[in-house]
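**Q** Quick one: this structure, given as structure tokens, is what I'll be asking you about.
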Amino acid sequence: MYRRTPFGGMPAGSWLSMAVALVIAGSCSHAPSSTPMAQDNDRLSDRSGGADWAGYGRTYGEQHFSPLSTINTKTVGRLGLAWSMDLPPGNPATIPLEVGGTLYFASGLNIVHAVDAASGRLLWTYDPKVPAVAGRKLRQGWGSRGIGYWDGKIYTGTGDGRLIAIDAKTGTLVWSVMTVDPNDGRYITGAPRLFDGKVIIGHGGSDTASTRGYVTTYDAETGKQLWRFYIVPGNPADGFENSAQAMAAKTWAGQWWKYGGGGAAWNAFTYDAGTDTILIGTGNGAPWNRRVRSADRGDNLFLCSIVALDAKTGAYKWHYQVNPGESWDYNAAMDMHLADLTIDGRPRKVVITAPKNGFLYVIDRTDGKLVSATRIAKVTWAIGIDPKSGQPIDTPGNRYPNGKPFELWPSNVGAHSWMPSAFSPKSGLVYIPLLERGAIYSDAGIDAKTWTRATGNAEDFAVSITPVSGDPLNNTSWLLAFDPVARKAMWKLQTASAWNGGILATGGDLVFQGQITGEFDAYDALSGRKLWRFGAQAPIIAAPITYAIGGRQYVTILVGIGTSPGGVGPVAFDYYSQARRVLTFALDAHGTLPVSRPLSRVLPADPTYRADPTMEARGAATYYLHCVACHGVGAISGGQAPDLRFSSAPVHPNVFADVVHGGLLVPEGMPRFEELPNADLNTLRQYLRAQSMASRKAGGAPAR
């Protein structure tokens with residue numbers, strides 16, 4: 001299952017290199033602490049030296065920045081592959097951790113690995129057996145964006161909704177708690193965050209089920225639940241959990257609780273240790289269309305907000321809502337970086353975030369007041385953000401009233417998706433993997449009084465979305481370096497495809513980023529000049545990390561397509577043939593990767609196929625409700641899942657039924673859809689056969 005290729009070792013003069021590196025690392029670190037909690041607080045402090053990468057964004061401040069500087073603008077040209085490890089099929093789009101010389105990561109369906117970080121030797125794996133218990137949650141709970149570390153334990157969330165603590169040395173289970181109802185639509189893909197002896201976790205599910213979002217905090221040692229905060233209010237007839245929920249309920253209308261409301265906090269958490277505050281980046285509304293969800297009225301708190309809570313009790317402190325009355329899937333669940341900046345001549349403690357909606361926000365983290373909001377992408381939903389009130393100035397018609405279409409920029413994909421941005425306190429710049437994509441929104445034909453959500457965890461938003469065409473900016477991606485004080489771009493580079501990867505910034509004045517076209521790049525953090533490139537032979541969307549062992553600095557990244565890009569269009573890599581690997585780099589290492597040979601694919605013979613446009617149109621509707629997120633638009637996979645045009649299963653009705661109805665491939669991560677009527681199964685099969693035949697008539701899709 002695993003292939004390990006070690007290269008290199010401690011170079012000549014290692015004692016001198018070690019001494020230099022320790023001096024560099026120690027310049028920002030505290031003296032060693034005596035208790036495990038104090039040690040973990042030191043590791044996760046924004047002032048830590050960077051020897052370890054113990055949290056999703058390295059530190060409590062979620063900056064995705066390391067002060068390590070042995071690898072820098074002058075030495076990066078000597079960076080080479082130290083070792084690689086091949087991984088089995090399954091999502092590899094995740095951020096690893098490194099603590100005390102051991103690398104930890106979760107790939108596939110939440111399978112946790114521990115690896116010797118210097119050599120690449122596998123130490124242990126822990127498999128939570130997600131396919132066996134996830135049921136319908138397997139349809140969305142595709143894997144893990146990251147894991148957590150605290151006091152000798154690794155923490156991971158699972159696709160079925162468990163939060164698990166694992167012994168970091170042995171890989172054995174310490175405790176497990178179910179954070180959701182096993183029968184609801186909630187699941188976990190985000191990284192747990194650890195702080196002050198606690199672990200916090202949210203969930204996904206707002207787009208595919210009627211869910212009421214919440215976050216929960218547990219004791220990191222025992223798994224005992226400490227507190228839970230609901231992001232949207234529930235049914236007023238049941239009473240409210242606290243005064244914050246009562247306040248939020250005043251911003252809703254109609255019978256929103258029947259739809260859950262949404263707001264799932266699935267990704268972004270930041271801990272401000274100075275004020276013992278946990279910041280939560282909340283999700284979009286459920287369904288997206290406010291006309292259905294909330295009688296087309298109200299701000300709908302706390303959707304699309306940064307919410308500040310007392311870290312000990314979960315009590316509400318303040319909030320800032322980036323999209324009142326959210327109607328476009330503009331969640332605010334993207335990275336939130338803590339920074340201390342001098343703005344207008346005075347020091348400010350701020351949080352910086354670039355959510356989906358195309359603006360970069362600087363917010364005072366002591367009271368939630370807006371400092372600035374600056375457009376960083378093409379935006380049509382708003383004219384701007386009022387600097388005094390902090391409220392957006394809406395573009396007329398932006399909520400597609402009375403079925404009138406609206407061309408929305410950014411699209412629901414966002415100007416910034418979940419791939420991490422980074423803030424460098426050294427350069428003072430924010431580095432953002434920027435996307436440019438538009439979409440046309442319309443709710444024509446949708447009756448708000450009678451609309452009901454599609455069953456089976458299907459993607460049903462109460463609005464139709466079609467892509468924009470003809471705009472040269474559409475489906476482009478960029479790497480943006482932005483000054484949050486001067487409120488301007490310092491440099492901006494177009495990257496190779498419609499998507500790009502997460503960011504690492506370092507004290508060596510470097511910015512690292514991968515591309516889904518297979519390159520791993522390093523840039524000068526101040527000028528944007530490309531200084532180094534490695535051909536990874538695999539798509540990259542995850543963010544890299546860096547750490548030091550024995551005075552030697554390493555950079556590690558997991559490569560291979562995972563979520564997001566896989567569902568929206570083709571990339572140059574096939575699900576079956578693409579490499580999924582851990583790559584680790586160091587100065588003066590000279591490893592090479594085995595040559596990647598694309599799989600030669602052949603469209604299946606289908607002599608009994610007969611065109612039936614009516615049947616195929618019905619099958620397309622079923623496909624876009626249940627299948628598109630994994631298998632791609634038009635059944636053309638982006639590499640996250642198999643390209644169904646090349647599958648022989650739709651040719652054979654019994655095999656197709658065994659897969660879709662019977663769950664034949666559940667152990668490999670393909671969920672079953674047992675509730676689909678036979679008529680829908682047959683039209684779906686017809687649609688897939690038609691897509692395959694269309695590719696044959698077009699000369700066949702290129703082998704990838």
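Labels for the structure tokens follow display order: chains A, B, ..., residues from 1 in each chain, ligands from 1.
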Skipping near chain neighbours, those fewer than 3 positions away, what residues fall within 12 Å of Asn654 of chain A using only C-alpha atoms, listed as an mmCIF file with N, CA, C and O atoms, in the first residue's frame?
**A**
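The file below, selection_14.cif, is the result:
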data_model
loop_
_atom_site.group_PDB
_atom_site.id
_atom_site.type_symbol
_atom_site.label_atom_id
_atom_site.label_comp_id
_atom_site.auth_asym_id
_atom_site.auth_seq_id
_atom_site.Cartn_x
_atom_site.Cartn_y
_atom_site.Cartn_z
ATOM 1 N N SER A 648 -17.295 1.006 -17.204
ATOM 2 C CA SER A 648 -18.149 0.019 -17.867
ATOM 3 C C SER A 648 -19.396 -0.303 -17.057
ATOM 4 O O SER A 648 -20.313 -0.971 -17.563
ATOM 5 N N ALA A 649 -19.469 0.164 -15.806
ATOM 6 C CA ALA A 649 -20.620 -0.169 -14.964
ATOM 7 C C ALA A 649 -21.944 0.279 -15.576
ATOM 8 O O ALA A 649 -22.922 -0.485 -15.567
ATOM 9 N N PRO A 650 -22.069 1.509 -16.132
ATOM 10 C CA PRO A 650 -23.366 1.900 -16.704
ATOM 11 C C PRO A 650 -23.784 1.051 -17.904
ATOM 12 O O PRO A 650 -24.975 1.019 -18.239
ATOM 13 N N VAL A 651 -22.838 0.387 -18.533
ATOM 14 C CA VAL A 651 -23.191 -0.466 -19.674
ATOM 15 C C VAL A 651 -23.984 -1.686 -19.212
ATOM 16 O O VAL A 651 -24.843 -2.201 -19.936
ATOM 17 N N ALA A 657 -26.591 -1.299 -10.785
ATOM 18 C CA ALA A 657 -27.482 -1.382 -9.623
ATOM 19 C C ALA A 657 -26.717 -1.849 -8.384
ATOM 20 O O ALA A 657 -26.967 -1.359 -7.271
ATOM 21 N N ASP A 658 -25.786 -2.778 -8.556
ATOM 22 C CA ASP A 658 -25.002 -3.256 -7.413
ATOM 23 C C ASP A 658 -24.158 -2.131 -6.810
ATOM 24 O O ASP A 658 -23.972 -2.069 -5.593
ATOM 25 N N VAL A 659 -23.667 -1.254 -7.667
ATOM 26 C CA VAL A 659 -22.848 -0.135 -7.181
ATOM 27 C C VAL A 659 -23.721 0.936 -6.539
ATOM 28 O O VAL A 659 -23.485 1.363 -5.399
ATOM 29 N N VAL A 660 -24.738 1.402 -7.260
ATOM 30 C CA VAL A 660 -25.516 2.560 -6.808
ATOM 31 C C VAL A 660 -26.532 2.175 -5.741
ATOM 32 O O VAL A 660 -26.655 2.844 -4.705
ATOM 33 N N HIS A 661 -27.275 1.116 -5.952
ATOM 34 C CA HIS A 661 -28.271 0.675 -4.975
ATOM 35 C C HIS A 661 -27.660 -0.202 -3.892
ATOM 36 O O HIS A 661 -27.989 -0.067 -2.711
ATOM 37 N N GLY A 662 -26.781 -1.106 -4.288
ATOM 38 C CA GLY A 662 -26.297 -2.126 -3.353
ATOM 39 C C GLY A 662 -25.081 -1.750 -2.549
ATOM 40 O O GLY A 662 -24.755 -2.427 -1.571
ATOM 41 N N LEU A 664 -21.819 -1.695 -3.558
ATOM 42 C CA LEU A 664 -20.695 -2.584 -3.835
ATOM 43 C C LEU A 664 -19.351 -1.925 -3.558
ATOM 44 O O LEU A 664 -18.411 -2.581 -3.096
ATOM 45 N N ASN A 678 -36.131 3.000 -9.025
ATOM 46 C CA ASN A 678 -35.571 2.314 -10.188
ATOM 47 C C ASN A 678 -35.653 3.172 -11.444
ATOM 48 O O ASN A 678 -34.759 3.125 -12.297
ATOM 49 N N LEU A 681 -32.767 5.459 -11.318
ATOM 50 C CA LEU A 681 -31.551 4.691 -11.562
ATOM 51 C C LEU A 681 -31.371 4.444 -13.060
ATOM 52 O O LEU A 681 -30.260 4.591 -13.601
ATOM 53 N N ASN A 682 -32.447 4.117 -13.723
ATOM 54 C CA ASN A 682 -32.376 3.826 -15.154
ATOM 55 C C ASN A 682 -32.082 5.072 -15.980
ATOM 56 O O ASN A 682 -31.300 5.024 -16.940
ATOM 57 N N ARG A 685 -28.420 5.995 -15.462
ATOM 58 C CA ARG A 685 -27.577 5.101 -16.263
ATOM 59 C C ARG A 685 -27.598 5.531 -17.731
ATOM 60 O O ARG A 685 -26.559 5.571 -18.402
#
**Q** Using only C-alpha atoms, which protein or nucleic acid residues come within 9 Å of segment 281-291 of chain A? Drop anything in the same chain fewer than 2 positions from it, and give the result as a ChimeraX atom specification.
**A** /A:204,206-213,231,256,259-270,279,293-298,300,302-307,325-336,355,399,401,443,448,453,460-463
**Q** Neighbours of Tyr60 of chain A within 8 Å (only C-alpha atoms; same-chain residues fewer than 3 positions away dropped), as a PyMOL selection string?
**A** chain A and resi 44-46+55+57+195+270-273
**Q** Go ahead and save the picked residues with all heavy atoms, as a CSV table (one decimal), in the first residue's frame.
**A**
chain,number,residue,atom,x,y,z
A,44,LEU,N,2.1,26.5,20.2
A,44,LEU,CA,1.0,27.1,19.4
A,44,LEU,C,1.0,28.7,19.5
A,44,LEU,O,0.1,29.3,18.9
A,44,LEU,CB,-0.3,26.6,19.9
A,44,LEU,CG,-0.6,25.1,19.5
A,44,LEU,CD1,-1.7,24.5,20.3
A,44,LEU,CD2,-0.8,24.9,18.0
A,45,SER,N,1.9,29.2,20.2
A,45,SER,CA,2.0,30.7,20.3
A,45,SER,C,2.5,31.2,19.0
A,45,SER,O,3.4,30.7,18.4
A,45,SER,CB,3.0,31.0,21.5
A,45,SER,OG,3.3,32.4,21.4
A,46,ASP,N,2.0,32.4,18.7
A,46,ASP,CA,2.5,33.1,17.5
A,46,ASP,C,3.9,33.5,17.6
A,46,ASP,O,4.6,33.8,16.6
A,46,ASP,CB,1.6,34.3,17.2
A,46,ASP,CG,0.2,33.9,16.7
A,46,ASP,OD1,0.0,32.8,16.3
A,46,ASP,OD2,-0.7,34.8,16.7
A,55,GLY,N,-0.3,22.9,14.7
A,55,GLY,CA,-1.7,23.3,14.5
A,55,GLY,C,-1.9,23.5,13.0
A,55,GLY,O,-1.0,23.7,12.2
A,57,GLY,N,-2.9,26.0,11.2
A,57,GLY,CA,-2.2,27.2,10.7
A,57,GLY,C,-0.9,27.4,11.4
A,57,GLY,O,-0.4,28.6,11.4
A,195,PHE,N,-6.8,24.4,22.1
A,195,PHE,CA,-6.4,25.6,22.8
A,195,PHE,C,-6.7,25.4,24.3
A,195,PHE,O,-7.7,24.9,24.7
A,195,PHE,CB,-7.1,26.8,22.3
A,195,PHE,CG,-8.6,26.7,22.4
A,195,PHE,CD1,-9.3,27.3,23.5
A,195,PHE,CD2,-9.4,26.1,21.5
A,195,PHE,CE1,-10.6,27.2,23.6
A,195,PHE,CE2,-10.7,26.0,21.6
A,195,PHE,CZ,-11.4,26.6,22.7
A,270,THR,N,-10.0,30.5,15.1
A,270,THR,CA,-8.8,31.2,15.5
A,270,THR,C,-8.9,31.5,17.0
A,270,THR,O,-10.0,32.0,17.5
A,270,THR,CB,-8.6,32.5,14.7
A,270,THR,OG1,-8.5,32.1,13.3
A,270,THR,CG2,-7.3,33.2,15.1
A,271,TYR,N,-7.8,31.3,17.8
A,271,TYR,CA,-7.9,31.5,19.2
A,271,TYR,C,-7.0,32.7,19.5
A,271,TYR,O,-5.8,32.8,19.2
A,271,TYR,CB,-7.3,30.3,19.9
A,271,TYR,CG,-7.2,30.4,21.4
A,271,TYR,CD1,-8.4,30.7,22.2
A,271,TYR,CD2,-6.0,30.2,22.1
A,271,TYR,CE1,-8.3,30.9,23.6
A,271,TYR,CE2,-5.9,30.3,23.5
A,271,TYR,CZ,-7.1,30.6,24.2
A,271,TYR,OH,-7.0,30.8,25.6
A,272,ASP,N,-7.6,33.7,20.2
A,272,ASP,CA,-6.9,34.8,20.7
A,272,ASP,C,-6.5,34.6,22.2
A,272,ASP,O,-7.4,34.8,23.1
A,272,ASP,CB,-7.7,36.1,20.5
A,272,ASP,CG,-7.0,37.4,20.9
A,272,ASP,OD1,-5.9,37.3,21.5
A,272,ASP,OD2,-7.5,38.5,20.7
A,273,ALA,N,-5.3,34.1,22.5
A,273,ALA,CA,-4.9,33.8,23.8
A,273,ALA,C,-4.9,35.0,24.7
A,273,ALA,O,-5.2,34.9,25.9
A,273,ALA,CB,-3.6,33.1,23.8
**Q** Any idea what's packed within 10 Å of segment 237-245 of chain A, counting only C-alpha atoms, ignoring anything in its chain fewer than 2 positions away? Could you give it as a PyMOL selection string?
**A** chain A and resi 228-235+247-250+301-302+315-318
**Q** Give me a file of those residues, with N, CA and C atoms, as a PDB file, in the first residue's frame.
**A**
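This went into again_20.pdb:
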ATOM      1  N   ARG A 228     -21.501  24.216  23.914  1.00  0.00           N
ATOM      2  CA  ARG A 228     -21.929  24.224  22.511  1.00  0.00           C
ATOM      3  C   ARG A 228     -22.565  25.569  22.204  1.00  0.00           C
ATOM      4  N   PHE A 229     -22.230  26.116  21.023  1.00  0.00           N
ATOM      5  CA  PHE A 229     -22.813  27.389  20.589  1.00  0.00           C
ATOM      6  C   PHE A 229     -23.504  27.171  19.247  1.00  0.00           C
ATOM      7  N   TYR A 230     -24.794  27.509  19.201  1.00  0.00           N
ATOM      8  CA  TYR A 230     -25.560  27.401  17.964  1.00  0.00           C
ATOM      9  C   TYR A 230     -25.388  28.675  17.148  1.00  0.00           C
ATOM     10  N   ILE A 231     -25.172  28.504  15.851  1.00  0.00           N
ATOM     11  CA  ILE A 231     -24.859  29.624  14.980  1.00  0.00           C
ATOM     12  C   ILE A 231     -26.116  30.332  14.502  1.00  0.00           C
ATOM     13  N   VAL A 232     -27.221  29.617  14.401  1.00  0.00           N
ATOM     14  CA  VAL A 232     -28.498  30.238  14.055  1.00  0.00           C
ATOM     15  C   VAL A 232     -29.526  29.821  15.104  1.00  0.00           C
ATOM     16  N   PRO A 233     -30.547  30.645  15.306  1.00  0.00           N
ATOM     17  CA  PRO A 233     -31.544  30.319  16.331  1.00  0.00           C
ATOM     18  C   PRO A 233     -32.465  29.187  15.888  1.00  0.00           C
ATOM     19  N   GLY A 234     -33.017  28.495  16.862  1.00  0.00           N
ATOM     20  CA  GLY A 234     -33.977  27.436  16.588  1.00  0.00           C
ATOM     21  C   GLY A 234     -35.408  27.937  16.658  1.00  0.00           C
ATOM     22  N   ASN A 235     -36.329  27.008  16.754  1.00  0.00           N
ATOM     23  CA  ASN A 235     -37.746  27.323  16.825  1.00  0.00           C
ATOM     24  C   ASN A 235     -38.040  28.126  18.093  1.00  0.00           C
ATOM     25  N   MET A 247     -31.378  37.306  20.493  1.00  0.00           N
ATOM     26  CA  MET A 247     -31.024  38.462  19.673  1.00  0.00           C
ATOM     27  C   MET A 247     -31.020  38.092  18.193  1.00  0.00           C
ATOM     28  N   ALA A 248     -30.398  36.947  17.869  1.00  0.00           N
ATOM     29  CA  ALA A 248     -30.297  36.533  16.477  1.00  0.00           C
ATOM     30  C   ALA A 248     -31.671  36.273  15.871  1.00  0.00           C
ATOM     31  N   ALA A 249     -32.592  35.733  16.663  1.00  0.00           N
ATOM     32  CA  ALA A 249     -33.917  35.383  16.150  1.00  0.00           C
ATOM     33  C   ALA A 249     -34.666  36.603  15.618  1.00  0.00           C
ATOM     34  N   LYS A 250     -34.357  37.778  16.146  1.00  0.00           N
ATOM     35  CA  LYS A 250     -35.014  38.998  15.684  1.00  0.00           C
ATOM     36  C   LYS A 250     -34.619  39.354  14.258  1.00  0.00           C
ATOM     37  N   LEU A 301     -28.694  36.432  11.397  1.00  0.00           N
ATOM     38  CA  LEU A 301     -27.533  36.134  12.241  1.00  0.00           C
ATOM     39  C   LEU A 301     -27.586  34.687  12.717  1.00  0.00           C
ATOM     40  N   PHE A 302     -26.415  34.039  12.844  1.00  0.00           N
ATOM     41  CA  PHE A 302     -25.077  34.535  12.631  1.00  0.00           C
ATOM     42  C   PHE A 302     -24.486  33.933  11.370  1.00  0.00           C
ATOM     43  N   ALA A 315     -19.732  31.816  25.819  1.00  0.00           N
ATOM     44  CA  ALA A 315     -20.633  32.969  25.842  1.00  0.00           C
ATOM     45  C   ALA A 315     -20.288  33.940  24.713  1.00  0.00           C
ATOM     46  N   TYR A 316     -21.332  34.491  24.113  1.00  0.00           N
ATOM     47  CA  TYR A 316     -21.175  35.438  23.010  1.00  0.00           C
ATOM     48  C   TYR A 316     -20.473  36.709  23.482  1.00  0.00           C
ATOM     49  N   LYS A 317     -19.510  37.207  22.657  1.00  0.00           N
ATOM     50  CA  LYS A 317     -18.855  38.482  22.920  1.00  0.00           C
ATOM     51  C   LYS A 317     -19.226  39.534  21.865  1.00  0.00           C
ATOM     52  N   TRP A 318     -18.978  39.210  20.597  1.00  0.00           N
ATOM     53  CA  TRP A 318     -19.305  40.134  19.523  1.00  0.00           C
ATOM     54  C   TRP A 318     -19.365  39.363  18.208  1.00  0.00           C
TER      55      TRP A 318
END
**Q** Give me the segment 132-214 of chain A side of the contact with segment 622-636 of chain A, cut-off 10 Å, one line per residue showing its nearest atom pair and distance in Å at one decimal, counting only C-alpha atoms, sorted by chain and residue number, as a Markdown table.
**A**
| residue | atom | partner | partner_atom | distance |
| --- | --- | --- | --- | --- |
| A:Arg139 | CA | A:His626 | CA | 8.4 |
| A:Gln140 | CA | A:Ala629 | CA | 8.6 |
| A:Trp142 | CA | A:Cys630 | CA | 9.0 |
| A:Thr208 | CA | A:Leu625 | CA | 9.6 |
**Q** Based on the backbone DSSP call, show me all residues of segment 63-165 of chain A assigned strand (DSSP E), as a ChimeraX atom specification.
**A** /A:65-66,79-86,97-99,102-107,111-116,122-126,148-150,153-157,162-165
**Q** Taking only C-alpha atoms into account, which of A:Thr353, A:Thr70, A:Thr59, A:Gln553 comes nearest Arg193 of chain A?
**A**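 Among the listed residues, A:Thr59 lies closest to Arg193 of chain A.
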**Q** Skip Gln537 of chain A itself and residues of its chain fewer than 4 positions away, then list as a list in words all residues within 12 Å of it, counting only C-alpha atoms.
**A** Gly514, Gln515, Ile516, Thr517, Gly518, Glu519, Phe520, Arg533, Val559, Gly560, Ile561, Ala572, Phe573, Asp574, Ser577, Gln578, Ala579, Arg580, Arg581, Leu583, Thr592, Leu593, Pro594, Val595, Ser596, Arg597, Pro598 and Arg704 of chain A
**Q** Restricting it to N, CA and C atoms, dump the selection as a PDB file, in the first residue's frame.
**A**
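Output saved as again_35.pdb:
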ATOM      1  N   GLY A 514       1.326  25.350  -4.311  1.00  0.00           N
ATOM      2  CA  GLY A 514       1.211  24.330  -5.340  1.00  0.00           C
ATOM      3  C   GLY A 514       0.132  24.678  -6.340  1.00  0.00           C
ATOM      4  N   GLN A 515       0.178  24.007  -7.491  1.00  0.00           N
ATOM      5  CA  GLN A 515      -0.788  24.232  -8.556  1.00  0.00           C
ATOM      6  C   GLN A 515      -1.435  22.904  -8.936  1.00  0.00           C
ATOM      7  N   ILE A 516      -2.685  22.952  -9.388  1.00  0.00           N
ATOM      8  CA  ILE A 516      -3.327  21.698  -9.762  1.00  0.00           C
ATOM      9  C   ILE A 516      -2.794  21.167 -11.088  1.00  0.00           C
ATOM     10  N   THR A 517      -1.945  21.928 -11.749  1.00  0.00           N
ATOM     11  CA  THR A 517      -1.268  21.432 -12.943  1.00  0.00           C
ATOM     12  C   THR A 517      -0.022  20.624 -12.607  1.00  0.00           C
ATOM     13  N   GLY A 518       0.329  20.533 -11.310  1.00  0.00           N
ATOM     14  CA  GLY A 518       1.398  19.641 -10.902  1.00  0.00           C
ATOM     15  C   GLY A 518       2.692  20.291 -10.499  1.00  0.00           C
ATOM     16  N   GLU A 519       2.722  21.624 -10.370  1.00  0.00           N
ATOM     17  CA  GLU A 519       3.961  22.292  -9.974  1.00  0.00           C
ATOM     18  C   GLU A 519       3.884  22.744  -8.524  1.00  0.00           C
ATOM     19  N   PHE A 520       5.019  22.713  -7.858  1.00  0.00           N
ATOM     20  CA  PHE A 520       5.166  23.244  -6.507  1.00  0.00           C
ATOM     21  C   PHE A 520       6.188  24.363  -6.599  1.00  0.00           C
ATOM     22  N   ARG A 533      11.006  25.846  -8.560  1.00  0.00           N
ATOM     23  CA  ARG A 533       9.866  25.040  -8.994  1.00  0.00           C
ATOM     24  C   ARG A 533      10.238  23.569  -8.929  1.00  0.00           C
ATOM     25  N   VAL A 559       0.274  15.871  -1.981  1.00  0.00           N
ATOM     26  CA  VAL A 559      -0.143  16.168  -3.345  1.00  0.00           C
ATOM     27  C   VAL A 559      -1.174  15.145  -3.813  1.00  0.00           C
ATOM     28  N   GLY A 560      -1.989  15.584  -4.752  1.00  0.00           N
ATOM     29  CA  GLY A 560      -3.096  14.785  -5.276  1.00  0.00           C
ATOM     30  C   GLY A 560      -4.378  15.574  -5.140  1.00  0.00           C
ATOM     31  N   ILE A 561      -5.299  15.403  -6.085  1.00  0.00           N
ATOM     32  CA  ILE A 561      -6.550  16.162  -6.060  1.00  0.00           C
ATOM     33  C   ILE A 561      -7.433  15.630  -4.931  1.00  0.00           C
ATOM     34  N   ALA A 572      -5.643  17.878 -15.454  1.00  0.00           N
ATOM     35  CA  ALA A 572      -4.784  17.039 -16.280  1.00  0.00           C
ATOM     36  C   ALA A 572      -4.438  15.710 -15.623  1.00  0.00           C
ATOM     37  N   PHE A 573      -5.204  15.290 -14.608  1.00  0.00           N
ATOM     38  CA  PHE A 573      -4.863  14.067 -13.895  1.00  0.00           C
ATOM     39  C   PHE A 573      -6.107  13.206 -13.716  1.00  0.00           C
ATOM     40  N   ASP A 574      -5.908  11.920 -13.854  1.00  0.00           N
ATOM     41  CA  ASP A 574      -6.984  10.957 -13.748  1.00  0.00           C
ATOM     42  C   ASP A 574      -7.050  10.388 -12.329  1.00  0.00           C
ATOM     43  N   SER A 577      -4.831   7.063 -12.186  1.00  0.00           N
ATOM     44  CA  SER A 577      -3.399   7.091 -12.467  1.00  0.00           C
ATOM     45  C   SER A 577      -2.645   8.176 -11.716  1.00  0.00           C
ATOM     46  N   GLN A 578      -3.347   9.166 -11.166  1.00  0.00           N
ATOM     47  CA  GLN A 578      -2.619  10.246 -10.508  1.00  0.00           C
ATOM     48  C   GLN A 578      -1.898   9.748  -9.265  1.00  0.00           C
ATOM     49  N   ALA A 579      -0.763  10.355  -8.993  1.00  0.00           N
ATOM     50  CA  ALA A 579      -0.024  10.044  -7.774  1.00  0.00           C
ATOM     51  C   ALA A 579      -0.642  10.781  -6.599  1.00  0.00           C
ATOM     52  N   ARG A 580      -0.685  10.096  -5.463  1.00  0.00           N
ATOM     53  CA  ARG A 580      -1.061  10.723  -4.196  1.00  0.00           C
ATOM     54  C   ARG A 580       0.118  10.479  -3.269  1.00  0.00           C
ATOM     55  N   ARG A 581       0.775  11.553  -2.869  1.00  0.00           N
ATOM     56  CA  ARG A 581       2.051  11.394  -2.197  1.00  0.00           C
ATOM     57  C   ARG A 581       2.239  12.425  -1.093  1.00  0.00           C
ATOM     58  N   LEU A 583       5.380  14.642  -0.027  1.00  0.00           N
ATOM     59  CA  LEU A 583       6.680  15.087  -0.511  1.00  0.00           C
ATOM     60  C   LEU A 583       7.346  15.936   0.553  1.00  0.00           C
ATOM     61  N   THR A 592      14.693  12.002  -6.444  1.00  0.00           N
ATOM     62  CA  THR A 592      13.863  12.134  -7.643  1.00  0.00           C
ATOM     63  C   THR A 592      12.628  11.268  -7.493  1.00  0.00           C
ATOM     64  N   LEU A 593      11.581  11.654  -8.189  1.00  0.00           N
ATOM     65  CA  LEU A 593      10.353  10.873  -8.197  1.00  0.00           C
ATOM     66  C   LEU A 593      10.379   9.873  -9.344  1.00  0.00           C
ATOM     67  N   PRO A 594       9.742   8.733  -9.165  1.00  0.00           N
ATOM     68  CA  PRO A 594       9.585   7.839 -10.313  1.00  0.00           C
ATOM     69  C   PRO A 594       8.748   8.519 -11.375  1.00  0.00           C
ATOM     70  N   VAL A 595       9.025   8.212 -12.634  1.00  0.00           N
ATOM     71  CA  VAL A 595       8.301   8.839 -13.734  1.00  0.00           C
ATOM     72  C   VAL A 595       6.838   8.408 -13.685  1.00  0.00           C
ATOM     73  N   SER A 596       5.953   9.373 -13.704  1.00  0.00           N
ATOM     74  CA  SER A 596       4.526   9.084 -13.684  1.00  0.00           C
ATOM     75  C   SER A 596       4.049   8.786 -15.100  1.00  0.00           C
ATOM     76  N   ARG A 597       3.405   7.646 -15.262  1.00  0.00           N
ATOM     77  CA  ARG A 597       2.918   7.248 -16.583  1.00  0.00           C
ATOM     78  C   ARG A 597       1.386   7.278 -16.577  1.00  0.00           C
ATOM     79  N   PRO A 598       0.776   8.184 -17.350  1.00  0.00           N
ATOM     80  CA  PRO A 598      -0.691   8.272 -17.368  1.00  0.00           C
ATOM     81  C   PRO A 598      -1.329   6.951 -17.794  1.00  0.00           C
ATOM     82  N   ARG A 704      -5.591  10.681 -19.465  1.00  0.00           N
ATOM     83  CA  ARG A 704      -4.967  11.558 -18.470  1.00  0.00           C
ATOM     84  C   ARG A 704      -4.429  10.709 -17.350  1.00  0.00           C
TER      85      ARG A 704
END
**Q** Between A:Tyr56, A:Trp257, A:Tyr126, A:Trp175, which has the minimum distance to Ile95 of chain A (counting only C-alpha atoms)?
**A**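 Among A:Tyr56, A:Trp257, A:Tyr126, A:Trp175, it is A:Tyr56 that comes nearest to Ile95 of chain A.
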**Q** Could you pull out the helix (DSSP H, G or I) residues of segment 76-267 of chain A from DSSP and send them as a list in words?
**A** Val76, Gly77, Arg78, Val130, Pro131, Ala132, Val133, Ala134, Gly135, Arg136, Lys137, Leu138, Arg139, Pro236, Ala237, Asp238, Ser243, Ala244, Gln245, Ala246, Met247, Ala248, Ala249, Trp256, Trp257, Lys258 and Tyr259 of chain A
**Q** My list of candidates is A:Ser144, A:Asn183, A:Gln691, A:Thr35. Which is closest to Asn457 of chain A when distances are computed with only C-alpha atoms?
**A**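 Residue with the minimum atom-to-atom distance to Asn457 of chain A: A:Asn183.
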**Q** Hey, which of A:Ile363, A:Tyr149, A:Thr683, A:Ser48 ends up closest to Thr614 of chain A? Count only C-alpha atoms.
**A**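 Closest to Thr614 of chain A of all the choices is A:Thr683.
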